[in-house]
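Engineer: Pasting my_file26.tsv here (TSV, C-alpha atoms):
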chain	number	residue	atom	x	y	z
F	554	MET	CA	106.20	201.23	-129.36
F	555	ALA	CA	109.84	202.29	-129.35
F	556	THR	CA	111.79	200.99	-126.41
F	557	ASP	CA	114.91	202.88	-125.44
F	558	HIS	CA	117.46	200.08	-125.21
F	559	SER	CA	120.22	202.43	-124.14
F	560	ALA	CA	118.26	202.85	-120.92
F	561	ALA	CA	118.12	199.08	-120.29
F	562	ASP	CA	118.37	198.46	-116.60
F	563	PRO	CA	118.58	194.80	-115.44
F	564	ALA	CA	117.68	195.61	-111.84
F	565	ARG	CA	114.62	197.53	-112.88
F	566	ASP	CA	113.68	194.74	-115.30
F	567	ASN	CA	113.86	192.24	-112.46
F	568	ILE	CA	111.53	194.27	-110.28
F	569	PHE	CA	109.17	194.68	-113.20
F	570	LYS	CA	109.29	190.97	-114.00
F	571	LYS	CA	108.55	189.93	-110.41
F	572	GLU	CA	105.51	192.21	-110.29
F	573	LEU	CA	104.33	190.98	-113.68
F	574	VAL	CA	104.67	187.32	-112.67
F	575	ALA	CA	102.58	187.99	-109.55
F	576	LEU	CA	99.83	189.39	-111.78
F	577	ILE	CA	99.63	186.38	-114.14
F	578	PRO	CA	96.87	184.62	-112.13
F	579	HIS	CA	94.76	187.78	-112.27
F	580	LEU	CA	95.35	188.26	-115.99
F	581	ARG	CA	94.26	184.66	-116.58
F	582	ALA	CA	91.09	185.19	-114.57
F	583	PHE	CA	90.20	188.41	-116.39
F	584	ALA	CA	90.94	186.81	-119.77
F	585	ARG	CA	88.74	183.85	-118.86
F	586	THR	CA	85.78	186.14	-118.19
F	587	LEU	CA	86.33	188.04	-121.46
F	588	THR	CA	86.71	185.04	-123.75
F	589	GLY	CA	84.68	182.45	-121.85
F	590	ASP	CA	87.13	179.83	-123.07
F	591	PRO	CA	90.10	178.60	-120.98
F	592	THR	CA	92.44	177.94	-123.94
F	593	ALA	CA	91.68	181.20	-125.75
F	594	ALA	CA	91.96	182.96	-122.38
F	595	ASP	CA	95.49	181.69	-121.75
F	596	ASP	CA	96.55	182.71	-125.28
F	597	LEU	CA	95.15	186.17	-124.60
F	598	ALA	CA	96.80	186.38	-121.17
F	599	GLN	CA	100.16	185.34	-122.66
F	600	ASP	CA	99.90	187.94	-125.42
F	601	ALA	CA	99.04	190.62	-122.86
F	602	MET	CA	101.92	189.54	-120.62
F	603	MET	CA	104.38	189.83	-123.53
F	604	LYS	CA	102.98	193.20	-124.62
F	605	ALA	CA	103.44	194.44	-121.06
F	606	TRP	CA	107.00	193.07	-120.99
F	607	ASP	CA	107.86	194.73	-124.32
F	608	ALA	CA	106.42	198.03	-123.09
F	609	ARG	CA	108.09	197.83	-119.67
F	610	ALA	CA	110.23	200.91	-120.33
F	611	SER	CA	107.08	203.01	-120.61
F	612	PHE	CA	105.71	201.79	-117.28
F	613	GLN	CA	106.41	203.86	-114.23
F	614	LEU	CA	107.36	201.56	-111.36
F	615	GLY	CA	105.29	202.12	-108.26
F	616	THR	CA	102.12	202.98	-110.17
F	617	ASN	CA	99.22	200.55	-110.56
F	618	MET	CA	100.61	197.70	-112.65
F	619	LYS	CA	97.48	195.61	-112.26
F	620	ALA	CA	95.29	198.26	-113.88
F	621	TRP	CA	97.94	198.85	-116.57
F	622	THR	CA	98.20	195.17	-117.52
F	623	PHE	CA	94.41	194.73	-117.44
F	624	MET	CA	94.13	197.64	-119.87
F	625	ILE	CA	96.67	196.02	-122.18
F	626	LEU	CA	94.82	192.71	-122.01
F	627	ARG	CA	91.47	194.35	-122.71
F	628	ASN	CA	92.81	196.32	-125.68
F	629	GLN	CA	94.37	193.16	-127.06
F	630	PHE	CA	91.07	191.32	-126.71
F	631	TYR	CA	89.06	193.97	-128.54
F	632	SER	CA	91.59	194.49	-131.32
F	633	GLU	CA	91.55	190.74	-131.98
F	634	LYS	CA	87.77	190.80	-131.84
F	635	ARG	CA	87.53	193.59	-134.39
F	636	ARG	CA	89.53	191.47	-136.80
F	637	SER	CA	86.89	188.80	-136.67
F	638	TRP	CA	83.62	189.65	-138.36
F	639	ARG	CA	82.30	186.27	-137.26
F	640	GLN	CA	82.46	187.36	-133.66
F	641	SER	CA	78.80	187.10	-132.70
F	642	GLN	CA	78.92	183.47	-133.70
F	643	LEU	CA	82.17	182.96	-131.80
F	644	ASP	CA	80.62	184.49	-128.69
F	645	GLN	CA	77.86	181.95	-128.82
F	646	GLU	CA	80.30	179.10	-129.39
F	647	ALA	CA	82.50	180.31	-126.55
F	648	ALA	CA	79.52	180.45	-124.21
F	649	GLU	CA	78.66	176.88	-125.12
F	650	ARG	CA	82.25	175.72	-124.70
F	651	THR	CA	82.38	177.32	-121.27
F	652	LEU	CA	79.44	175.21	-120.24
F	653	VAL	CA	81.20	172.11	-121.47
F	654	ALA	CA	84.44	173.16	-119.80
F	655	VAL	CA	82.79	173.47	-116.40
F	656	ASP	CA	80.68	170.36	-116.86
F	657	ASP	CA	82.25	168.80	-113.81
F	658	PRO	CA	79.93	166.90	-111.46
F	659	GLU	CA	81.86	168.31	-108.49
F	660	ALA	CA	81.46	171.92	-109.63
F	661	PRO	CA	78.86	173.82	-107.63
F	662	VAL	CA	75.68	174.32	-109.66
F	663	ALA	CA	75.42	177.96	-108.69
F	664	LEU	CA	78.76	178.87	-110.28
F	665	ASP	CA	77.79	177.17	-113.50
F	666	GLU	CA	74.55	179.14	-113.64
F	667	LEU	CA	76.38	182.37	-112.88
F	668	ARG	CA	78.83	181.77	-115.73
F	669	GLN	CA	75.97	181.19	-118.09
F	670	GLY	CA	74.19	184.31	-116.87
F	671	LEU	CA	77.37	186.38	-117.33
F	672	ALA	CA	77.79	185.05	-120.87
F	673	MET	CA	74.37	186.51	-121.70
F	674	LEU	CA	75.27	190.07	-120.68
F	675	PRO	CA	76.46	192.64	-123.24
F	676	PRO	CA	80.31	192.55	-123.19
F	677	GLU	CA	80.74	196.11	-121.88
F	678	GLN	CA	78.41	195.38	-118.95
F	679	ARG	CA	80.10	192.06	-118.25
F	680	GLU	CA	83.60	193.55	-118.11
F	681	ALA	CA	82.51	196.46	-115.92
F	682	LEU	CA	80.85	194.10	-113.45
F	683	ILE	CA	83.86	191.77	-113.41
F	684	LEU	CA	86.39	194.57	-112.86
F	685	VAL	CA	84.45	196.20	-110.04
F	686	GLY	CA	82.60	193.21	-108.60
F	687	ALA	CA	85.34	190.57	-108.76
F	688	GLY	CA	88.64	192.20	-109.76
F	689	GLY	CA	88.63	194.59	-106.82
F	690	PHE	CA	89.00	197.75	-108.91
F	691	ALA	CA	87.56	201.12	-107.92
F	692	TYR	CA	85.13	202.69	-110.40
F	693	GLU	CA	87.84	205.21	-111.36
F	694	GLU	CA	90.36	202.44	-112.11
F	695	ALA	CA	87.81	200.46	-114.11
F	696	ALA	CA	87.06	203.62	-116.11
F	697	ASP	CA	90.78	203.99	-116.92
F	698	ILE	CA	91.00	200.35	-117.97
F	699	CYS	CA	87.93	200.57	-120.22
F	700	GLY	CA	88.76	204.04	-121.53
F	701	CYS	CA	85.41	205.53	-120.57
F	702	ALA	CA	83.91	207.92	-118.03
F	703	VAL	CA	83.45	206.93	-114.39
F	704	GLY	CA	79.70	207.52	-114.70
F	705	THR	CA	79.57	205.14	-117.64
F	706	VAL	CA	81.22	202.40	-115.58
F	707	LYS	CA	78.81	203.00	-112.72
F	708	SER	CA	75.77	202.74	-114.96
F	709	ARG	CA	77.15	199.63	-116.72
F	710	VAL	CA	77.80	197.89	-113.39
F	711	SER	CA	74.33	198.79	-112.16
F	712	ARG	CA	72.66	197.57	-115.35
F	713	ALA	CA	74.75	194.39	-115.31
F	714	ARG	CA	73.72	193.62	-111.72
F	715	LYS	CA	70.04	194.07	-112.51
F	716	ALA	CA	70.23	192.07	-115.72
F	717	LEU	CA	72.16	189.24	-114.09
F	718	GLN	CA	69.70	189.02	-111.24
F	719	SER	CA	66.72	188.86	-113.57
F	720	ILE	CA	68.45	186.27	-115.78
F	721	LEU	CA	69.02	184.10	-112.72
F	722	GLU	CA	65.53	184.63	-111.33
F	723	ASP	CA	63.23	184.77	-114.30
F	724	GLY	CA	64.72	182.00	-116.35
F	725	SER	CA	65.86	183.74	-119.49
F	726	TYR	CA	67.45	180.35	-120.01
F	727	ASP	CA	66.60	176.80	-119.05
F	728	ARG	CA	68.95	173.89	-118.70
F	729	ASP	CA	68.80	170.34	-117.39
F	730	GLY	CA	65.21	170.92	-116.34
F	731	LEU	CA	66.53	173.29	-113.69
F	732	SER	CA	64.45	176.42	-113.56
F	733	ALA	CA	66.19	179.73	-113.08
F	734	GLY	CA	64.38	180.23	-109.78
F	735	ASP	CA	66.38	177.25	-108.58
F	736	ALA	CA	69.55	178.91	-109.85
F	737	MET	CA	68.95	181.97	-107.69
F	738	ARG	CA	68.04	179.77	-104.73
F	739	SER	CA	71.23	177.79	-105.04
F	740	ILE	CA	73.26	180.99	-105.32
F	741	LEU	CA	71.63	182.34	-102.16
F	742	ALA	CA	72.20	179.06	-100.31
F	743	ASP	CA	75.80	178.92	-101.45
F	744	ALA	CA	76.50	182.51	-100.45
F	745	GLU	CA	75.01	181.82	-97.04
F	746	ARG	CA	77.19	178.76	-96.63
F	747	LEU	CA	80.30	180.70	-97.64
F	748	SER	CA	79.59	183.56	-95.24
F	749	THR	CA	79.06	181.10	-92.38
F	750	VAL	CA	82.42	179.48	-93.04
F	751	ARG	CA	84.18	182.82	-92.83
O	1210	MET	CA	68.94	207.83	-115.32
O	1211	ILE	CA	66.56	209.42	-112.82
O	1212	GLU	CA	63.54	207.49	-111.66
O	1213	HIS	CA	60.36	209.33	-110.69
O	1214	ARG	CA	58.25	207.26	-108.36
O	1215	THR	CA	55.09	207.85	-106.35
O	1216	MET	CA	55.08	207.46	-102.55
O	1217	ASP	CA	53.12	204.24	-102.87
O	1218	GLN	CA	55.66	202.75	-105.23
O	1219	ARG	CA	58.35	203.89	-102.87
O	1220	ARG	CA	56.83	202.02	-99.93
O	1221	LYS	CA	56.45	198.84	-101.94
O	1222	GLY	CA	59.98	199.33	-103.17
O	1223	SER	CA	61.46	199.60	-99.70
O	1224	ALA	CA	59.76	196.34	-98.66
O	1225	ALA	CA	61.46	194.54	-101.51
O	1226	LEU	CA	64.69	196.43	-101.06
O	1227	ASP	CA	66.22	194.22	-98.34
O	1228	GLU	CA	65.47	191.11	-100.35
O	1229	ALA	CA	66.96	192.64	-103.49
O	1230	ARG	CA	70.05	193.73	-101.58
O	1231	LEU	CA	70.47	190.22	-100.19
O	1232	ARG	CA	70.27	188.76	-103.67
O	1233	GLN	CA	72.77	191.24	-105.06
O	1234	GLN	CA	75.15	190.44	-102.22
O	1235	ALA	CA	74.81	186.74	-102.95
O	1236	ILE	CA	75.57	187.30	-106.62
O	1237	GLY	CA	78.57	189.42	-105.62
O	1238	VAL	CA	79.93	186.66	-103.41
O	1239	LYS	CA	79.60	184.12	-106.23
O	1240	LEU	CA	81.17	186.50	-108.73
O	1241	ARG	CA	84.26	186.91	-106.57
O	1242	GLN	CA	84.36	183.17	-105.95
O	1243	MET	CA	84.27	182.49	-109.69
O	1244	PHE	CA	87.11	184.95	-110.35
O	1245	ASP	CA	89.18	183.80	-107.36
O	1246	GLU	CA	88.89	180.20	-108.46
O	1247	VAL	CA	90.87	181.00	-111.60
O	1248	VAL	CA	93.28	183.25	-109.69
O	1249	SER	CA	94.11	180.37	-107.34
O	1250	GLU	CA	94.77	177.90	-110.18
O	1251	PRO	CA	98.45	177.09	-110.62
O	1252	VAL	CA	99.97	179.16	-113.44
O	1253	PRO	CA	100.84	176.96	-116.45
O	1254	ASP	CA	104.63	176.64	-116.90
O	1255	GLU	CA	104.26	178.07	-120.40
O	1256	PHE	CA	103.79	181.58	-119.02
O	1257	LEU	CA	107.04	181.64	-117.08
O	1258	GLU	CA	108.87	179.90	-119.92
O	1259	ILE	CA	107.79	182.56	-122.46
O	1260	LEU	CA	108.83	185.35	-120.10
O	1261	ARG	CA	112.16	183.68	-119.33
O	1262	ARG	CA	112.94	183.33	-123.05
O	1263	ALA	CA	112.02	186.99	-123.68
O	1264	ASP	CA	114.28	188.08	-120.83
O	1265	LEU	CA	117.19	186.05	-122.23
O	1266	ALA	CA	116.63	187.21	-125.83
O	1267	LYS	CA	116.83	190.85	-124.76
O	1268	GLY	CA	120.39	190.33	-123.50
O	1269	GLU	CA	121.55	188.79	-126.78
O	1270	SER	CA	120.11	191.27	-129.28
In structure tokens, what does this structure look like?

Structural biologist:
Amino acid sequence: MATDHSAADPARDNIFKKELVALIPHLRAFARTLTGDPTAADDLAQDAMMKAWDARASFQLGTNMKAWTFMILRNQFYSEKRRSWRQSQLDQEAAERTLVAVDDPEAPVALDELRQGLAMLPPEQREALILVGAGGFAYEEAADICGCAVGTVKSRVSRARKALQSILEDGSYDRDGLSAGDAMRSILADAERLSTVR
Amino acid sequence: MIEHRTMDQRRKGSAALDEARLRQQAIGVKLRQMFDEVVSEPVPDEFLEILRRADLAKGES
């Protein structure tokens, strides 16, 4: 992308930079859900951050920078993915690494199970559910980020919710002798506890 | 996708609906918690360092 250096504006750059820095935690979280691996996620988030910085002249201040940077990050992720024909294997490895990465005795069981359930969803359903269900994006914004129709996002989110629920309830997986029914129970109990605290 | 259901299925469905909604809400709460956990992690210094270097480099070139 050609950047017009004659239009360089330090004050504008500073505003842009401040907004971008504030978005780093969100970019890291989104990258983590896409890659399933904390180290790969930070590499991806850094690449996306630099792409956004390099393209800052094309961004209109005052518009939705979060959606814009998420779109950059997502495009970066899929263009890297296309380069790797081994990807289905990598997905599996990443899912396994995630389990290892969160293998912390203090970590709530329910979150661990949810991560594993998410890793089993098709990628386009997973990202739609994350954007709308956790990232706080409207369906329209998620559609812009994913480059698809609003109706497509809605149906992906709905399918993801159903699939995730049945994974957690019907035991499409089994780990540590913990049945998936227990996973759903612990998620319900945890959600109840969280809503009481609030 | 449009679902065609009989009245009987509909009644059974509505009985299970509250339970299903509760479960979906619970999953939603956990989903946000999972995402927010990463958001609230401290940002590794590397990020700010890379950005700082890029900002400096732009002035020199």

Engineer: Counting only C-alpha atoms, what is within 12 Å of segment 1253-1263 of chain O, bar same-chain residues fewer than 4 positions away, as a VMD selection string?

Structural biologist: (chain F and resid 566 to 567 569 to 571 573 to 578 580 to 581 591 to 592 595 to 607) or (chain O and resid 1247 to 1249 1267 to 1270)

Engineer: I'd like the interatomic distance between atom CA of His579 of chain F and atom CA of Asp1264 of chain O, to a tenth of an Å.

Structural biologist: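 About the pair atom CA of His579 of chain F and atom CA of Asp1264 of chain O: they are 21.3 Å apart.
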
Engineer: Residues of chain F that approach chain O to 7 Å or less, counting all atoms listed in the file: could you list each one with the shortest pair of atoms and its distance in Å to one decimal, rows by chain and increasing residue number, as a tab-separated table?

Structural biologist:
residue	atom	partner	partner_atom	distance
F:Pro578	CA	O:Val1248	CA	4.6
F:His579	CA	O:Val1248	CA	5.4
F:Ala582	CA	O:Val1247	CA	5.1
F:Gln599	CA	O:Phe1256	CA	6.4
F:Leu664	CA	O:Met1243	CA	6.6
F:Gly686	CA	O:Gly1237	CA	6.3
F:Ala687	CA	O:Arg1241	CA	4.4
F:Ile740	CA	O:Ala1235	CA	6.4
F:Leu741	CA	O:Ala1235	CA	5.5
F:Ala744	CA	O:Ala1235	CA	5.2

Engineer: State, in Å with one decimal place, the distance from atom CA of Arg712 of chain F to atom CA of Leu682 of chain F.

Structural biologist: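 Calculated distance between atom CA of Arg712 of chain F and atom CA of Leu682 of chain F is 9.1 Å.
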
Engineer: Measure the distance from atom CA of Asp697 of chain F to atom CA of Ala620 of chain F in Å and round it to one decimal.

Structural biologist: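 These atoms are spaced 7.9 Å apart.
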
Engineer: What would segment 1219-1247 of chain O look like with N, CA and C atoms restored, written as a CSV table (one decimal), keeping the file's coordinate frame?

Structural biologist:
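Just written: result13.csv:
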chain,number,residue,atom,x,y,z
O,1219,ARG,N,57.2,203.8,-103.7
O,1219,ARG,CA,58.4,203.9,-102.9
O,1219,ARG,C,58.2,202.9,-101.7
O,1220,ARG,N,57.0,202.9,-101.1
O,1220,ARG,CA,56.8,202.0,-99.9
O,1220,ARG,C,57.0,200.6,-100.3
O,1221,LYS,N,56.3,200.2,-101.4
O,1221,LYS,CA,56.4,198.8,-101.9
O,1221,LYS,C,57.9,198.5,-102.2
O,1222,GLY,N,58.6,199.5,-102.8
O,1222,GLY,CA,60.0,199.3,-103.2
O,1222,GLY,C,60.8,199.0,-102.0
O,1223,SER,N,60.6,199.8,-100.9
O,1223,SER,CA,61.5,199.6,-99.7
O,1223,SER,C,61.2,198.2,-99.1
O,1224,ALA,N,60.0,197.7,-99.2
O,1224,ALA,CA,59.8,196.3,-98.7
O,1224,ALA,C,60.6,195.3,-99.4
O,1225,ALA,N,60.7,195.5,-100.7
O,1225,ALA,CA,61.5,194.5,-101.5
O,1225,ALA,C,63.0,194.8,-101.5
O,1226,LEU,N,63.3,196.0,-100.9
O,1226,LEU,CA,64.7,196.4,-101.1
O,1226,LEU,C,65.7,195.5,-100.3
O,1227,ASP,N,65.3,195.1,-99.1
O,1227,ASP,CA,66.2,194.2,-98.3
O,1227,ASP,C,66.5,192.9,-99.1
O,1228,GLU,N,65.4,192.4,-99.6
O,1228,GLU,CA,65.5,191.1,-100.4
O,1228,GLU,C,66.4,191.3,-101.6
O,1229,ALA,N,66.2,192.4,-102.3
O,1229,ALA,CA,67.0,192.6,-103.5
O,1229,ALA,C,68.4,192.8,-103.1
O,1230,ARG,N,68.7,193.5,-102.0
O,1230,ARG,CA,70.0,193.7,-101.6
O,1230,ARG,C,70.7,192.4,-101.2
O,1231,LEU,N,70.0,191.5,-100.6
O,1231,LEU,CA,70.5,190.2,-100.2
O,1231,LEU,C,70.9,189.4,-101.4
O,1232,ARG,N,70.0,189.5,-102.4
O,1232,ARG,CA,70.3,188.8,-103.7
O,1232,ARG,C,71.5,189.3,-104.4
O,1233,GLN,N,71.6,190.6,-104.4
O,1233,GLN,CA,72.8,191.2,-105.1
O,1233,GLN,C,74.0,190.9,-104.3
O,1234,GLN,N,74.0,190.8,-103.0
O,1234,GLN,CA,75.2,190.4,-102.2
O,1234,GLN,C,75.6,189.0,-102.5
O,1235,ALA,N,74.5,188.1,-102.6
O,1235,ALA,CA,74.8,186.7,-103.0
O,1235,ALA,C,75.5,186.6,-104.3
O,1236,ILE,N,75.0,187.4,-105.3
O,1236,ILE,CA,75.6,187.3,-106.6
O,1236,ILE,C,77.0,187.8,-106.6
O,1237,GLY,N,77.2,188.9,-105.8
O,1237,GLY,CA,78.6,189.4,-105.6
O,1237,GLY,C,79.5,188.4,-105.0
O,1238,VAL,N,79.1,187.7,-104.0
O,1238,VAL,CA,79.9,186.7,-103.4
O,1238,VAL,C,80.3,185.6,-104.4
O,1239,LYS,N,79.3,185.2,-105.2
O,1239,LYS,CA,79.6,184.1,-106.2
O,1239,LYS,C,80.5,184.6,-107.3
O,1240,LEU,N,80.4,185.9,-107.7
O,1240,LEU,CA,81.2,186.5,-108.7
O,1240,LEU,C,82.6,186.5,-108.3
O,1241,ARG,N,82.9,186.9,-107.1
O,1241,ARG,CA,84.3,186.9,-106.6
O,1241,ARG,C,84.8,185.5,-106.5
O,1242,GLN,N,83.9,184.6,-106.1
O,1242,GLN,CA,84.4,183.2,-106.0
O,1242,GLN,C,84.8,182.6,-107.3
O,1243,MET,N,84.0,183.0,-108.3
O,1243,MET,CA,84.3,182.5,-109.7
O,1243,MET,C,85.6,183.0,-110.2
O,1244,PHE,N,85.9,184.3,-109.9
O,1244,PHE,CA,87.1,185.0,-110.4
O,1244,PHE,C,88.3,184.4,-109.6
O,1245,ASP,N,88.1,184.3,-108.2
O,1245,ASP,CA,89.2,183.8,-107.4
O,1245,ASP,C,89.6,182.4,-107.6
O,1246,GLU,N,88.6,181.6,-108.1
O,1246,GLU,CA,88.9,180.2,-108.5
O,1246,GLU,C,90.0,180.1,-109.5
O,1247,VAL,N,89.9,181.0,-110.5
O,1247,VAL,CA,90.9,181.0,-111.6
O,1247,VAL,C,92.2,181.6,-111.1
